[in-house]
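Engineer: Encoded as structure tokens, here's the structure I'll be asking about.
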Amino acid sequence: MNKEHDLIIIGGGVGGLTSAALATRAGLSAVVMEPRPLGGRARSPEVSGVPVDLGAHALYAGGAAEQILSRLNITLPLTAPPLDRGTLAMGEEFVRMPSSPFALLRSELPFRTKRALAMFLMFPPKPYATVREWLATITDDTARSIVAALVRLSTYDGDFLDADATPYAAQLKQSIDHGVGYLPRFSMLVDALRAAAPRVPVIRSAVAEVMNDGAVHTRDGKVMRAGHVILAMPAPDAAKLFSPLGPYAATARAIRAASLDVVLHGALPVPSRALALSTDRALYFTSRVTEHGDTVLHVLGNHVAGKKPSRQELESFLSEAQPGWRERVRGARFLSSITVAHKTPSPPPSHPRVSLVCDTTGDGMLCDAVMSSARHAIDHVLQRAERSRDALRKRVSRRSQNSSDARPPQSRALPPSSLLEDAVHRLRHADAPIHPTLTFWRRANFENGSS
Ligand SMILES: Cc1cc2nc3c(=O)[nH]c(=O)nc-3n(C[C@H](O)[C@H](O)[C@H](O)COP(=O)(O)OP(=O)(O)OC[C@H]3O[C@@H](n4cnc5c(N)ncnc54)[C@H](O)[C@@H]3O)c2cc1C
């Protein structure tokens, strides 16, 4: 049995690495278990020698991810998406995307559409029960299909109409109010999180099972133990390792997409359409220029009602917007079904020693949700440690009172508060040598899970 760490984190994606970075910052010792390359879905595997994200990825400004990155002193080289060269694909037509109120005024959209869009964006109605009802407040059909396309773009969800409108309205508002940022490769986020927890070891073992008492069994037959376990992966994967999550995971709806990731030699054939959002099909593409002047394109098709868009559909959409792209192709990768996120109707069951870190347990959506879920998990671990500290304080106080009958008054005092402060300091700064009292306390209270 290995009892070296405060925390075992299973999964080395954004959720696991954020947990490791926040744990390090709080002075907790942690270990990450990840058999595959770090990063999970936020990796950027190469296509013809160019790092290319697994589908279009951006960081949403103004959300939990931004706050947590700032708390970790992480600055990333984010750039604005090419909205100034964005277009709306409406049937056969490409119309300039109104990227600001001024651009909306000047756009070629019909006047009634502009007015309806302006009214909706300036005075958004309160989200009604479902997204369908919320969107029905837009009386102009074209404006409604544009807003629906923007909801799809900002949430990656192709089946949102019957969903609770509140989180969808919030995500749309966040992306309109604060915008999004592109990275040269999304794996820079992974690298930065890893660099924020450089001493956290990564064990290259897959976990087979997590027991109710927190024992972690690896597929290669080892058993590990720590004060707390974090399962940092989507709920359905976590439930395969930790069976109490089974009923919760069964309620999860997967949001999936097909993605065609293309590297072109040089610039786009039609540079004025660097981003295109279809208003009548669940399709869009976006692009960025690499440091060597080539172009990376992501064409994304949402799965709608379980139907996967085909590679041919994605390629035809690209041909409409960027005729001649095939002659410039350097390499391409097609993913017919990649899970972007999950939605669940209720929070997961809570467990004193095992936390689930994923997008259904955090605030907001996508990486905002995953990273805030990591923050909640670390806060939970620290709160348990605080409660244990209070219990220790009470026990010490009771013991000293019991012995007071037999001792003169001057020996009644509590142990110097510095001992307690020291204990907490050492818990939070696990590299520091451990005081014998704390070693006992950790074993008795933290590792055995009582609070
Ligand atoms: C096409 C696409 C576009 C996206 N766009 C955006 C975007 O624009 N903005 C945004 O914020 N987010 C976006 N996302 C979502 C974002 O990628 C995810 O929210 C995030 O990467 C999820 O991180 P995670 O750590 O929760 O899960 P994962 O990345 O899935 O990581 C889980 C890790 O757990 C490991 N694991 C699984 N089982 C075991 C086991 N038994 N033992 C040990 N390890 C195990 C896996 O190997 C994996 O590395 C997008 C996702 C996709 C697919």
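Order determines the names: the first chain of the structure tokens is A, the second B, and so forth; residues in each chain are numbered 1 upward, and ligands are numbered 1 upward as they are shown.
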Give the residues close to ligand 1, within 6 Å, counting only C-alpha atoms and all ligand atoms; write them as a PyMOL selection string.

Structural biologist: chain A and resi 10-16+33-36+38-42+54-59+206-208+232-234+338-340+358+366-368+370

Engineer: What's the 7 Å shell around Leu231 (chain A), counting only C-alpha atoms, without same-chain residues fewer than 5 positions away, as JSON, numbers by chain?

Structural biologist: {"A": [9, 10, 11, 238, 355, 356, 357]}

Engineer: Looking only at the backbone, which of the residues in region 23-251 of chain A does DSSP tag as strand (DSSP E or B), as a ChimeraX atom specification?

Structural biologist: /A:30-33,39,46-47,50-51,59-60,79,86-90,93-96,130,164,180-182,202-203,207-210,216-218,223-232

Engineer: Between A:Ser272, A:Ser145, A:Thr155, A:Ser29, which is the closest to Tyr168 (chain A) once you count only C-alpha atoms?

Structural biologist: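 Of all the options, A:Thr155 lies closest to Tyr168 (chain A).
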
Engineer: With distances taken over only C-alpha atoms, which of A:Arg326, A:Lys173, A:Arg152, A:Arg273 is nearest to Phe120 (chain A)?

Structural biologist: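 Closest residue, counting only C-alpha atoms: A:Lys173.
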
Engineer: Compare A:Ala103, A:Val50, A:Leu69, A:Leu76 by their minimum atom-to-atom distance to Val296 (chain A), counting only C-alpha atoms, and give me the closest one.

Structural biologist: A:Val50

Engineer: Using only C-alpha atoms, find the one residue out of A:Arg185, A:Tyr156, A:Val202, A:Ala321 that sits nearest to Pro37 (chain A).

Structural biologist: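 Looking at the shortest contact to Pro37 (chain A), the residue is A:Val202.
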
Engineer: So, counting only C-alpha atoms, which residue among A:Asp177, A:Asp363, A:Asp162, A:Asp53 is closest to Arg375 (chain A)?

Structural biologist: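 Going through A:Asp177, A:Asp363, A:Asp162, A:Asp53 one by one, the smallest distance to Arg375 (chain A) is for A:Asp363.
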